[in-house]
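The data block below is data_34.cif; it holds mmCIF, C-alpha atoms, pLDDT in the B column; chains and numbers go by the auth columns.
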```cif
data_my_file
#
loop_
_atom_site.group_PDB
_atom_site.id
_atom_site.type_symbol
_atom_site.label_atom_id
_atom_site.label_comp_id
_atom_site.label_asym_id
_atom_site.label_seq_id
_atom_site.Cartn_x
_atom_site.Cartn_y
_atom_site.Cartn_z
_atom_site.B_iso_or_equiv
_atom_site.auth_seq_id
_atom_site.auth_asym_id
ATOM 1 C CA MET A 1 -48.034 -1.398 -60.872 85.00 1387 B
ATOM 2 C CA SER A 2 -48.288 0.061 -64.355 91.00 1388 B
ATOM 3 C CA ILE A 3 -50.589 -0.927 -67.200 90.00 1389 B
ATOM 4 C CA THR A 4 -50.284 -0.202 -70.885 90.00 1390 B
ATOM 5 C CA VAL A 5 -52.821 -1.113 -73.544 86.00 1391 B
ATOM 6 C CA GLU A 6 -52.005 -1.900 -77.145 85.00 1392 B
ATOM 7 C CA SER A 7 -54.983 -2.410 -79.423 75.00 1393 B
ATOM 8 C CA ASP A 8 -55.249 -3.603 -82.982 71.00 1394 B
ATOM 9 C CA ALA A 9 -58.743 -2.679 -84.103 63.00 1395 B
ATOM 10 C CA SER A 10 -58.392 -4.559 -87.367 66.00 1396 B
ATOM 11 C CA GLU A 11 -57.743 -7.748 -85.483 73.00 1397 B
ATOM 12 C CA GLY A 12 -60.251 -6.977 -82.733 81.00 1398 B
ATOM 13 C CA LEU A 13 -57.472 -7.702 -80.301 90.00 1399 B
ATOM 14 C CA ALA A 14 -56.124 -5.806 -77.337 94.00 1400 B
ATOM 15 C CA ILE A 15 -52.960 -6.592 -75.478 94.00 1401 B
ATOM 16 C CA VAL A 16 -52.812 -5.310 -71.924 96.00 1402 B
ATOM 17 C CA ARG A 17 -49.310 -5.297 -70.498 96.00 1403 B
ATOM 18 C CA VAL A 18 -49.071 -5.293 -66.735 97.00 1404 B
ATOM 19 C CA VAL A 19 -45.846 -4.477 -64.885 97.00 1405 B
ATOM 20 C CA GLY A 20 -45.185 -4.733 -61.160 96.00 1406 B
ATOM 21 C CA ASP A 21 -47.004 -6.369 -58.280 97.00 1407 B
ATOM 22 C CA VAL A 22 -50.672 -7.339 -58.549 97.00 1408 B
ATOM 23 C CA ASP A 23 -52.140 -7.542 -55.066 97.00 1409 B
ATOM 24 C CA LEU A 24 -54.959 -6.093 -53.001 97.00 1410 B
ATOM 25 C CA TRP A 25 -53.299 -2.678 -53.181 97.00 1411 B
ATOM 26 C CA SER A 26 -53.132 -2.515 -56.961 96.00 1412 B
ATOM 27 C CA VAL A 27 -55.844 -4.877 -58.156 97.00 1413 B
ATOM 28 C CA ASP A 28 -58.517 -2.200 -58.558 97.00 1414 B
ATOM 29 C CA ASP A 29 -56.396 -0.506 -61.228 96.00 1415 B
ATOM 30 C CA LEU A 30 -56.211 -3.777 -63.151 96.00 1416 B
ATOM 31 C CA ARG A 31 -59.950 -4.359 -62.759 97.00 1417 B
ATOM 32 C CA LYS A 32 -60.719 -0.858 -64.006 96.00 1418 B
ATOM 33 C CA GLU A 33 -58.383 -1.082 -66.997 95.00 1419 B
ATOM 34 C CA LEU A 34 -59.642 -4.487 -68.103 96.00 1420 B
ATOM 35 C CA GLY A 35 -63.223 -3.301 -67.617 95.00 1421 B
ATOM 36 C CA GLN A 36 -62.589 -0.435 -70.034 93.00 1422 B
ATOM 37 C CA VAL A 37 -60.748 -2.464 -72.649 93.00 1423 B
ATOM 38 C CA GLN A 38 -62.757 -5.676 -72.698 91.00 1424 B
ATOM 39 C CA PRO A 39 -65.996 -4.314 -74.203 90.00 1425 B
ATOM 40 C CA THR A 40 -64.091 -2.719 -77.083 87.00 1426 B
ATOM 41 C CA VAL A 41 -62.476 -5.851 -78.492 89.00 1427 B
ATOM 42 C CA SER A 42 -63.319 -9.464 -79.242 91.00 1428 B
ATOM 43 C CA ASN A 43 -60.128 -11.026 -78.019 95.00 1429 B
ATOM 44 C CA LEU A 44 -57.921 -9.982 -75.156 96.00 1430 B
ATOM 45 C CA ILE A 45 -54.382 -10.843 -74.165 96.00 1431 B
ATOM 46 C CA VAL A 46 -52.983 -9.904 -70.781 97.00 1432 B
ATOM 47 C CA ASP A 47 -49.201 -9.860 -70.855 97.00 1433 B
ATOM 48 C CA LEU A 48 -47.970 -10.709 -67.365 97.00 1434 B
ATOM 49 C CA THR A 49 -44.291 -11.091 -68.249 97.00 1435 B
ATOM 50 C CA GLY A 50 -43.545 -7.873 -66.380 96.00 1436 B
ATOM 51 C CA VAL A 51 -45.414 -8.943 -63.261 97.00 1437 B
ATOM 52 C CA SER A 52 -43.204 -9.748 -60.294 96.00 1438 B
ATOM 53 C CA PHE A 53 -45.998 -10.900 -58.006 97.00 1439 B
ATOM 54 C CA ILE A 54 -49.646 -11.899 -58.286 97.00 1440 B
ATOM 55 C CA ASP A 55 -52.014 -13.271 -55.676 97.00 1441 B
ATOM 56 C CA SER A 56 -55.547 -14.643 -55.652 96.00 1442 B
ATOM 57 C CA THR A 57 -57.100 -11.168 -55.839 97.00 1443 B
ATOM 58 C CA GLY A 58 -55.352 -10.633 -59.178 97.00 1444 B
ATOM 59 C CA ILE A 59 -56.310 -14.084 -60.364 96.00 1445 B
ATOM 60 C CA GLY A 60 -59.912 -13.346 -59.414 96.00 1446 B
ATOM 61 C CA VAL A 61 -59.954 -10.213 -61.591 97.00 1447 B
ATOM 62 C CA LEU A 62 -58.521 -12.152 -64.534 97.00 1448 B
ATOM 63 C CA VAL A 63 -61.168 -14.850 -64.131 97.00 1449 B
ATOM 64 C CA SER A 64 -63.942 -12.256 -63.972 97.00 1450 B
ATOM 65 C CA CYS A 65 -62.610 -10.676 -67.168 97.00 1451 B
ATOM 66 C CA LEU A 66 -62.409 -14.085 -68.828 97.00 1452 B
ATOM 67 C CA GLN A 67 -66.082 -14.660 -68.073 97.00 1453 B
ATOM 68 C CA ASP A 68 -66.977 -11.309 -69.657 96.00 1454 B
ATOM 69 C CA VAL A 69 -64.858 -12.033 -72.722 96.00 1455 B
ATOM 70 C CA ARG A 70 -66.491 -15.421 -73.175 96.00 1456 B
ATOM 71 C CA LYS A 71 -69.987 -13.993 -72.762 96.00 1457 B
ATOM 72 C CA ALA A 72 -69.159 -11.639 -75.606 94.00 1458 B
ATOM 73 C CA GLY A 73 -67.995 -14.566 -77.724 94.00 1459 B
ATOM 74 C CA GLY A 74 -64.305 -13.772 -77.522 95.00 1460 B
ATOM 75 C CA ARG A 75 -61.182 -15.455 -76.232 95.00 1461 B
ATOM 76 C CA MET A 76 -58.668 -14.429 -73.616 96.00 1462 B
ATOM 77 C CA GLY A 77 -55.032 -15.384 -73.239 97.00 1463 B
ATOM 78 C CA LEU A 78 -52.273 -14.794 -70.746 98.00 1464 B
ATOM 79 C CA VAL A 79 -48.577 -14.370 -71.452 98.00 1465 B
ATOM 80 C CA ILE A 80 -46.610 -15.738 -68.525 98.00 1466 B
ATOM 81 C CA ALA A 81 -42.874 -16.309 -68.544 97.00 1467 B
ATOM 82 C CA GLN A 82 -42.066 -16.623 -64.847 96.00 1468 B
ATOM 83 C CA PRO A 83 -42.567 -20.001 -63.150 95.00 1469 B
ATOM 84 C CA HIS A 84 -43.783 -18.497 -59.866 95.00 1470 B
ATOM 85 C CA ILE A 85 -46.528 -16.557 -61.650 96.00 1471 B
ATOM 86 C CA HIS A 86 -47.570 -19.653 -63.584 96.00 1472 B
ATOM 87 C CA ARG A 87 -47.595 -21.629 -60.343 95.00 1473 B
ATOM 88 C CA VAL A 88 -50.360 -19.464 -58.828 95.00 1474 B
ATOM 89 C CA LEU A 89 -52.423 -20.159 -61.918 95.00 1475 B
ATOM 90 C CA GLN A 90 -51.551 -23.839 -61.894 95.00 1476 B
ATOM 91 C CA VAL A 91 -52.490 -24.567 -58.277 94.00 1477 B
ATOM 92 C CA THR A 92 -55.957 -23.145 -58.929 93.00 1478 B
ATOM 93 C CA ASN A 93 -56.216 -25.225 -62.128 94.00 1479 B
ATOM 94 C CA LEU A 94 -56.799 -22.026 -64.061 95.00 1480 B
ATOM 95 C CA ASP A 95 -53.934 -22.805 -66.418 95.00 1481 B
ATOM 96 C CA GLN A 96 -56.448 -25.197 -67.979 95.00 1482 B
ATOM 97 C CA VAL A 97 -59.032 -22.447 -68.374 96.00 1483 B
ATOM 98 C CA PHE A 98 -57.028 -19.611 -69.905 97.00 1484 B
ATOM 99 C CA ILE A 99 -55.074 -19.761 -73.128 97.00 1485 B
ATOM 100 C CA VAL A 100 -51.533 -19.527 -71.753 98.00 1486 B
ATOM 101 C CA GLY A 101 -48.156 -19.129 -73.403 97.00 1487 B
ATOM 102 C CA ASN A 102 -44.747 -17.796 -72.492 97.00 1488 B
ATOM 103 C CA GLU A 103 -44.525 -15.417 -75.475 96.00 1489 B
ATOM 104 C CA ARG A 104 -47.023 -13.025 -77.024 94.00 1490 B
ATOM 105 C CA ALA A 105 -46.681 -14.571 -80.466 93.00 1491 B
ATOM 106 C CA THR A 106 -47.530 -17.972 -79.037 95.00 1492 B
ATOM 107 C CA VAL A 107 -50.681 -16.710 -77.351 95.00 1493 B
ATOM 108 C CA VAL A 108 -51.776 -14.750 -80.438 92.00 1494 B
ATOM 109 C CA LYS A 109 -51.389 -17.923 -82.468 93.00 1495 B
ATOM 110 C CA LEU A 110 -53.254 -20.051 -79.952 95.00 1496 B
ATOM 111 C CA ILE A 111 -56.131 -17.587 -79.858 94.00 1497 B
ATOM 112 C CA ALA A 112 -56.304 -17.559 -83.637 90.00 1498 B
ATOM 113 C CA GLU A 113 -56.294 -21.357 -83.742 92.00 1499 B
ATOM 114 C CA ALA A 114 -59.023 -21.510 -81.093 89.00 1500 B
ATOM 115 C CA GLY A 115 -61.221 -19.439 -83.393 77.00 1501 B
ATOM 116 C CA GLU A 116 -60.801 -21.699 -86.405 74.00 1502 B
ATOM 117 C CA MET B 1 -53.204 -31.122 -42.484 41.00 415 H
ATOM 118 C CA ASN B 2 -51.779 -32.181 -39.145 40.00 416 H
ATOM 119 C CA SER B 3 -51.222 -30.397 -35.896 39.00 417 H
ATOM 120 C CA GLY B 4 -47.681 -29.269 -36.650 52.00 418 H
ATOM 121 C CA THR B 5 -48.501 -25.577 -36.753 64.00 419 H
ATOM 122 C CA GLY B 6 -50.171 -25.855 -33.342 62.00 420 H
ATOM 123 C CA GLU B 7 -46.963 -26.771 -31.523 69.00 421 H
ATOM 124 C CA PRO B 8 -45.506 -23.983 -29.376 80.00 422 H
ATOM 125 C CA TRP B 9 -42.663 -22.036 -30.931 89.00 423 H
ATOM 126 C CA ALA B 10 -41.054 -18.714 -30.199 92.00 424 H
ATOM 127 C CA PRO B 11 -41.002 -16.106 -32.951 94.00 425 H
ATOM 128 C CA GLN B 12 -37.627 -14.668 -33.889 95.00 426 H
ATOM 129 C CA VAL B 13 -39.081 -11.799 -35.896 97.00 427 H
ATOM 130 C CA THR B 14 -42.351 -9.950 -35.340 98.00 428 H
ATOM 131 C CA LEU B 15 -43.720 -7.444 -37.841 98.00 429 H
ATOM 132 C CA THR B 16 -46.798 -5.374 -37.009 98.00 430 H
ATOM 133 C CA ILE B 17 -48.283 -3.247 -39.768 98.00 431 H
ATOM 134 C CA PRO B 18 -51.479 -1.250 -40.266 98.00 432 H
ATOM 135 C CA ALA B 19 -54.297 -3.401 -41.639 98.00 433 H
ATOM 136 C CA SER B 20 -53.940 -1.823 -45.058 98.00 434 H
ATOM 137 C CA ALA B 21 -53.168 -3.294 -48.444 98.00 435 H
ATOM 138 C CA ARG B 22 -50.534 -0.589 -48.759 98.00 436 H
ATOM 139 C CA TYR B 23 -48.245 -2.601 -46.469 98.00 437 H
ATOM 140 C CA LEU B 24 -48.572 -5.998 -48.116 98.00 438 H
ATOM 141 C CA VAL B 25 -45.409 -5.345 -50.066 98.00 439 H
ATOM 142 C CA THR B 26 -43.575 -4.658 -46.798 98.00 440 H
ATOM 143 C CA ALA B 27 -44.658 -8.001 -45.379 98.00 441 H
ATOM 144 C CA ARG B 28 -43.640 -9.794 -48.575 98.00 442 H
ATOM 145 C CA LEU B 29 -40.203 -8.155 -48.496 98.00 443 H
ATOM 146 C CA VAL B 30 -39.629 -9.140 -44.866 98.00 444 H
ATOM 147 C CA THR B 31 -40.799 -12.685 -45.604 98.00 445 H
ATOM 148 C CA ALA B 32 -38.436 -13.014 -48.540 98.00 446 H
ATOM 149 C CA ASP B 33 -35.528 -11.649 -46.522 98.00 447 H
ATOM 150 C CA ILE B 34 -36.083 -14.055 -43.629 97.00 448 H
ATOM 151 C CA ALA B 35 -36.487 -17.041 -45.934 97.00 449 H
ATOM 152 C CA SER B 36 -33.440 -16.025 -47.934 96.00 450 H
ATOM 153 C CA GLY B 37 -31.480 -15.679 -44.711 95.00 451 H
ATOM 154 C CA ILE B 38 -31.811 -19.385 -43.966 94.00 452 H
ATOM 155 C CA GLY B 39 -30.928 -20.328 -47.516 95.00 453 H
ATOM 156 C CA MET B 40 -34.323 -21.307 -48.817 96.00 454 H
ATOM 157 C CA PRO B 41 -34.425 -21.811 -52.581 95.00 455 H
ATOM 158 C CA ILE B 42 -36.019 -19.122 -54.722 95.00 456 H
ATOM 159 C CA ASP B 43 -39.138 -21.144 -55.546 95.00 457 H
ATOM 160 C CA VAL B 44 -39.845 -21.704 -51.850 96.00 458 H
ATOM 161 C CA ILE B 45 -39.268 -18.014 -51.138 97.00 459 H
ATOM 162 C CA GLU B 46 -41.804 -17.139 -53.827 96.00 460 H
ATOM 163 C CA ASP B 47 -44.290 -19.569 -52.289 96.00 461 H
ATOM 164 C CA LEU B 48 -43.791 -17.996 -48.869 97.00 462 H
ATOM 165 C CA ARG B 49 -44.334 -14.494 -50.252 98.00 463 H
ATOM 166 C CA VAL B 50 -47.614 -15.690 -51.704 97.00 464 H
ATOM 167 C CA ALA B 51 -48.626 -17.459 -48.484 97.00 465 H
ATOM 168 C CA VAL B 52 -48.033 -14.400 -46.299 98.00 466 H
ATOM 169 C CA ASP B 53 -49.816 -12.165 -48.787 98.00 467 H
ATOM 170 C CA GLU B 54 -52.851 -14.451 -48.999 97.00 468 H
ATOM 171 C CA ALA B 55 -53.161 -14.759 -45.220 98.00 469 H
ATOM 172 C CA LEU B 56 -52.809 -11.010 -44.693 98.00 470 H
ATOM 173 C CA THR B 57 -55.233 -10.203 -47.491 98.00 471 H
ATOM 174 C CA MET B 58 -57.904 -12.454 -46.009 97.00 472 H
ATOM 175 C CA LEU B 59 -57.538 -10.829 -42.602 98.00 473 H
ATOM 176 C CA ILE B 60 -57.363 -7.246 -43.877 98.00 474 H
ATOM 177 C CA THR B 61 -60.408 -7.605 -46.126 97.00 475 H
ATOM 178 C CA GLY B 62 -62.367 -9.315 -43.365 96.00 476 H
ATOM 179 C CA LEU B 63 -61.774 -6.743 -40.643 97.00 477 H
ATOM 180 C CA GLU B 64 -64.803 -4.617 -39.842 96.00 478 H
ATOM 181 C CA ASP B 65 -62.676 -1.604 -38.951 96.00 479 H
ATOM 182 C CA ALA B 66 -59.443 -2.082 -40.831 96.00 480 H
ATOM 183 C CA ALA B 67 -58.492 1.591 -40.499 96.00 481 H
ATOM 184 C CA GLN B 68 -58.212 1.179 -36.737 96.00 482 H
ATOM 185 C CA SER B 69 -56.667 -2.294 -36.819 98.00 483 H
ATOM 186 C CA THR B 70 -53.276 -3.888 -37.251 98.00 484 H
ATOM 187 C CA VAL B 71 -52.023 -7.248 -38.443 98.00 485 H
ATOM 188 C CA THR B 72 -48.971 -8.988 -37.063 98.00 486 H
ATOM 189 C CA CYS B 73 -46.677 -11.495 -38.741 98.00 487 H
ATOM 190 C CA GLN B 74 -44.477 -13.665 -36.570 98.00 488 H
ATOM 191 C CA PHE B 75 -41.689 -15.725 -38.065 98.00 489 H
ATOM 192 C CA GLY B 76 -39.793 -18.623 -36.556 97.00 490 H
ATOM 193 C CA THR B 77 -37.066 -20.429 -38.436 96.00 491 H
ATOM 194 C CA THR B 78 -34.799 -23.412 -38.209 93.00 492 H
ATOM 195 C CA SER B 79 -32.150 -24.336 -40.734 90.00 493 H
ATOM 196 C CA GLU B 80 -34.739 -26.367 -42.638 92.00 494 H
ATOM 197 C CA MET B 81 -38.094 -24.687 -42.191 94.00 495 H
ATOM 198 C CA ILE B 82 -39.999 -21.516 -41.509 97.00 496 H
ATOM 199 C CA ARG B 83 -43.111 -21.101 -39.387 97.00 497 H
ATOM 200 C CA VAL B 84 -45.371 -18.102 -39.767 98.00 498 H
ATOM 201 C CA ARG B 85 -48.257 -16.786 -37.715 97.00 499 H
ATOM 202 C CA VAL B 86 -50.390 -14.006 -39.184 98.00 500 H
ATOM 203 C CA GLU B 87 -52.823 -12.466 -36.745 98.00 501 H
ATOM 204 C CA SER B 88 -55.349 -9.642 -36.845 98.00 502 H
ATOM 205 C CA SER B 89 -55.868 -7.260 -33.926 98.00 503 H
ATOM 206 C CA ALA B 90 -59.601 -8.009 -33.981 98.00 504 H
ATOM 207 C CA PRO B 91 -61.637 -11.112 -34.838 97.00 505 H
ATOM 208 C CA VAL B 92 -62.341 -11.780 -38.507 97.00 506 H
ATOM 209 C CA ALA B 93 -65.142 -13.965 -39.846 93.00 507 H
ATOM 210 C CA LEU B 94 -63.252 -15.854 -42.530 94.00 508 H
ATOM 211 C CA THR B 95 -64.808 -17.933 -45.255 91.00 509 H
ATOM 212 C CA PRO B 96 -63.995 -21.534 -44.279 90.00 510 H
ATOM 213 C CA PRO B 97 -61.169 -23.204 -46.213 91.00 511 H
ATOM 214 C CA SER B 98 -63.601 -25.951 -47.146 89.00 512 H
ATOM 215 C CA ASP B 99 -65.486 -23.425 -49.287 88.00 513 H
ATOM 216 C CA GLY B 100 -62.534 -23.575 -51.648 84.00 514 H
ATOM 217 C CA GLY B 101 -61.913 -19.895 -52.357 92.00 515 H
ATOM 218 C CA TYR B 102 -58.871 -19.081 -54.459 94.00 516 H
ATOM 219 C CA ALA B 103 -57.006 -17.683 -51.449 96.00 517 H
ATOM 220 C CA TRP B 104 -57.370 -20.912 -49.452 96.00 518 H
ATOM 221 C CA ILE B 105 -56.496 -23.054 -52.464 95.00 519 H
ATOM 222 C CA VAL B 106 -53.336 -21.056 -53.027 96.00 520 H
ATOM 223 C CA LEU B 107 -52.388 -21.016 -49.338 96.00 521 H
ATOM 224 C CA ASP B 108 -52.903 -24.770 -49.155 95.00 522 H
ATOM 225 C CA ALA B 109 -50.721 -25.319 -52.190 95.00 523 H
ATOM 226 C CA VAL B 110 -47.816 -23.099 -51.204 95.00 524 H
ATOM 227 C CA SER B 111 -47.560 -24.190 -47.561 95.00 525 H
ATOM 228 C CA ASP B 112 -46.798 -27.594 -46.104 95.00 526 H
ATOM 229 C CA GLU B 113 -49.457 -27.137 -43.428 94.00 527 H
ATOM 230 C CA PHE B 114 -51.779 -24.374 -42.425 95.00 528 H
ATOM 231 C CA ASP B 115 -54.227 -23.764 -39.639 95.00 529 H
ATOM 232 C CA VAL B 116 -56.843 -21.177 -38.741 96.00 530 H
ATOM 233 C CA MET B 117 -57.624 -20.316 -35.152 96.00 531 H
ATOM 234 C CA GLN B 118 -60.302 -18.032 -33.761 96.00 532 H
ATOM 235 C CA LEU B 119 -58.975 -16.413 -30.589 96.00 533 H
ATOM 236 C CA PRO B 120 -61.101 -14.299 -28.211 95.00 534 H
ATOM 237 C CA ASN B 121 -59.886 -11.007 -29.716 96.00 535 H
ATOM 238 C CA ALA B 122 -58.106 -12.056 -32.862 97.00 536 H
ATOM 239 C CA THR B 123 -58.003 -14.430 -35.791 98.00 537 H
ATOM 240 C CA ARG B 124 -54.803 -16.303 -36.516 97.00 538 H
ATOM 241 C CA ILE B 125 -53.660 -18.046 -39.675 97.00 539 H
ATOM 242 C CA SER B 126 -50.561 -20.191 -39.159 97.00 540 H
ATOM 243 C CA PHE B 127 -48.528 -22.092 -41.679 97.00 541 H
ATOM 244 C CA GLU B 128 -45.161 -23.667 -42.112 96.00 542 H
ATOM 245 C CA ARG B 129 -42.953 -24.563 -44.995 96.00 543 H
ATOM 246 C CA ALA B 130 -39.841 -26.692 -45.273 95.00 544 H
ATOM 247 C CA SER B 131 -36.963 -25.760 -47.541 90.00 545 H
ATOM 248 C CA VAL B 132 -37.729 -28.650 -49.808 80.00 546 H
ATOM 249 C CA ALA B 133 -41.241 -29.914 -50.485 59.00 547 H
ATOM 250 C CA PRO B 134 -41.714 -33.587 -49.586 47.00 548 H
ATOM 251 C CA VAL B 135 -41.758 -35.867 -52.606 44.00 549 H
ATOM 252 C CA GLY B 136 -45.181 -36.041 -54.169 43.00 550 H
ATOM 253 C CA GLN B 137 -46.448 -32.976 -52.317 47.00 551 H
ATOM 254 C CA VAL B 138 -46.069 -30.385 -55.016 44.00 552 H
ATOM 255 C CA GLY B 139 -49.336 -28.781 -55.965 40.00 553 H
ATOM 256 C CA HIS B 140 -52.550 -29.666 -54.159 35.00 554 H
ATOM 257 C CA ARG B 141 -52.178 -31.184 -50.739 41.00 555 H
ATOM 258 C CA GLY B 142 -54.559 -31.742 -47.881 37.00 556 H
ATOM 259 C CA THR B 143 -57.479 -29.533 -47.069 38.00 557 H
ATOM 260 C CA GLY B 144 -57.054 -27.114 -44.211 44.00 558 H
ATOM 261 C CA HIS B 145 -59.661 -26.628 -41.568 43.00 559 H
ATOM 262 C CA THR B 146 -60.818 -23.972 -39.183 42.00 560 H
ATOM 263 C CA ARG B 147 -60.296 -24.561 -35.507 37.00 561 H
ATOM 264 C CA SER B 148 -62.050 -22.565 -32.809 37.00 562 H
#
```
Please express what this file holds, its structure, as C-alpha cells.
Amino acid sequence: MSITVESDASEGLAIVRVVGDVDLWSVDDLRKELGQVQPTVSNLIVDLTGVSFIDSTGIGVLVSCLQDVRKAGGRMGLVIAQPHIHRVLQVTNLDQVFIVGNERATVVKLIAEAGE
Amino acid sequence: MNSGTGEPWAPQVTLTIPASARYLVTARLVTADIASGIGMPIDVIEDLRVAVDEALTMLITGLEDAAQSTVTCQFGTTSEMIRVRVESSAPVALTPPSDGGYAWIVLDAVSDEFDVMQLPNATRISFERASVAPVGQVGHRGTGHTRS
C-alpha cells in the first residue's frame, strides 16, 4: 500500500490518496498517516480510487479519523469509484455517515456545501 | 442463518498459512482463483475475498500466540456455490457476532450463511456463498450466532 498527501493550506483541506490493499497488514500505515495529517487541516478527503481491497480494519481506521475530524469541527469525505469498495462501506451503513463521491471534485463540492 | 454450513463436506483445497497479517493477501488470491475457477461473477469473488479476509483477521488478531500459530482455509466447491472453513490452530475467544462489530457485519453481508464453532483446540468460522445471491438477500441478512 502507498499513501500520498496533497494539502492546500489556503483551503484547510488535505487529500490523502491511498493505493493498494488496506488490510490488517497495511492498516497501521494508514492510521499513522491520517493521524499526522488530520490535526493540521480542517477538512480531509481520503481518495480510495486506487484501493483494490479494503476490509473492516481499514473501515475502522477511517471511522476513527472521522470522529477526530468532527471533534475538531471539520468534515471528512471519501472518494470511491469501485463498487466492491463502496459495498464494504454500504453494508456497514457508513456510506450514510461519510461524505462520499466517485470523483474528487464531487467530494470537494459536497464538503464545501456541507459547510454553508 | 441456518445449519447449511454445518453439513459435512470434503474440502478440495486446503491452504495453511502462518497466523500473520502478511499472508492475508495470499489467502485472498487463492480464494479469488478458486471462485473464478467455477465461474463465479466478479462481484461474488470480491465478496468472497472480503469474507475470507475478515474471518482470518478475526482469528489472527484473537490468537494469544500468533507467532507460533497457523490458520487453515479449506474450500469446497460445486458448480453453483463455494463453502469455506477458516480455522485457527489454537482456540480464539471471539467477540460474539451479536455484538455487531464491523467484521461480523461485513461477513454476514457478503456470505449467504456463516457459523462459528469452538472446537477443543481450535476456533472455526465457516461460511458459504452461492454464485448468485437469492432475490432480496443483497445487503444485510440474518444474524449469525456462535455455537459451542
Query - Polymer residues at most 12 Å from Thr491 (chain H), only C-alpha atoms, same-chain spacing of 6 or more positions, as a ChimeraX atom specification - result: /H:423-427,445,448-454,497-499,542-545
Query raised in the report: Nearest to chain H among B:Ala1491, B:Ile1440, B:Ala1467, B:Val1427, with distances taken over all atoms listed in the file: which residue is it?
Result: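 That would be B:Ile1440, the residue with the smallest distance to chain H.
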Report task. Select residues of chain B: the criterion is any atom within 12 Å of an atom of chain H, counting only C-alpha atoms; output as JSON, numbers by chain. Result -> {"B": [1387, 1406, 1407, 1408, 1409, 1410, 1411, 1412, 1413, 1414, 1438, 1439, 1440, 1441, 1442, 1443, 1444, 1445, 1446, 1447, 1449, 1468, 1469, 1470, 1471, 1472, 1473, 1474, 1475, 1476, 1477, 1478, 1479, 1480]}
Query raised in the report: Hey, what comes out of the PyMOL selection byres ((chain H and resi 485) around 9) on this file? Could you write it as an MDAnalysis selection string?
Result: chainID H and resid 429:434 470 473:474 483:484 486:487 500:504
Just write the chosen residues, C-alpha atoms, as an mmCIF file, in the coordinates of the input.
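Writing done, so here's part-v2.cif:
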```cif
data_model
loop_
_atom_site.group_PDB
_atom_site.id
_atom_site.type_symbol
_atom_site.label_atom_id
_atom_site.label_comp_id
_atom_site.auth_asym_id
_atom_site.auth_seq_id
_atom_site.Cartn_x
_atom_site.Cartn_y
_atom_site.Cartn_z
ATOM 1 C CA LEU H 429 -43.720 -7.444 -37.841
ATOM 2 C CA THR H 430 -46.798 -5.374 -37.009
ATOM 3 C CA ILE H 431 -48.283 -3.247 -39.768
ATOM 4 C CA PRO H 432 -51.479 -1.250 -40.266
ATOM 5 C CA ALA H 433 -54.297 -3.401 -41.639
ATOM 6 C CA SER H 434 -53.940 -1.823 -45.058
ATOM 7 C CA LEU H 470 -52.809 -11.010 -44.693
ATOM 8 C CA LEU H 473 -57.538 -10.829 -42.602
ATOM 9 C CA ILE H 474 -57.363 -7.246 -43.877
ATOM 10 C CA SER H 483 -56.667 -2.294 -36.819
ATOM 11 C CA THR H 484 -53.276 -3.888 -37.251
ATOM 12 C CA THR H 486 -48.971 -8.988 -37.063
ATOM 13 C CA CYS H 487 -46.677 -11.495 -38.741
ATOM 14 C CA VAL H 500 -50.390 -14.006 -39.184
ATOM 15 C CA GLU H 501 -52.823 -12.466 -36.745
ATOM 16 C CA SER H 502 -55.349 -9.642 -36.845
ATOM 17 C CA SER H 503 -55.868 -7.260 -33.926
ATOM 18 C CA ALA H 504 -59.601 -8.009 -33.981
#
```
Query raised in the report: What residues have an atom no more than 12 Å from (-53.5, -17.3, -84.2) in the file's own frame, counting all atoms listed in the file, and can you write them as a ChimeraX atom specification?
Result: /B:1397,1399,1429,1431,1461,1463,1485,1490-1502
Requested in this report: Pick out the residues sitting within 12 Å of Val1423 (chain B), and hand them over as an NGL selection string; count all atoms listed in the file, and ignore anything fewer than 2 positions along from it in its own chain.
Outcome: :B and (1389-1395 or 1398-1403 or 1416-1421 or 1425-1432 or 1451 or 1454-1455)
**Report entry** Length of the CA of Pro505 (chain H) to CA of Gln532 (chain H) vector [Å]
**Finding:** 7.1 Å
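You can rank H:Gln482, H:Ile496, H:Ala469, H:Leu477 by their closest distance to Ala536 (chain H) using only C-alpha atoms, and at the top of that list sits H:Leu477.
Taking CA of Gly490 (chain H) and CA of Thr537 (chain H) as endpoints, the distance between them is 18.7 Å.
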Requested in this report: Name the residues that the PyMOL selection byres ((chain B and resi 1484) around 8) pulls out of this structure, and write them as number ranges by chain.
Outcome: B: 1452, 1462-1464, 1480-1483, 1485-1486
Report task. Go ahead and compute the interatomic distance for CA of Gln1422 (chain B) and CA of Gly1459 (chain B), in Å to one decimal. Result -> 17.0 Å
Six-sided padding of 8 Å per side, axis-aligned box over region 1427-1435 of chain B, centre and edges in Å, one decimal, as JSON:
```
{"center_x": -53.8, "center_y": -8.5, "center_z": -73.3, "size_x": 35.0, "size_y": 21.2, "size_z": 27.9}
```
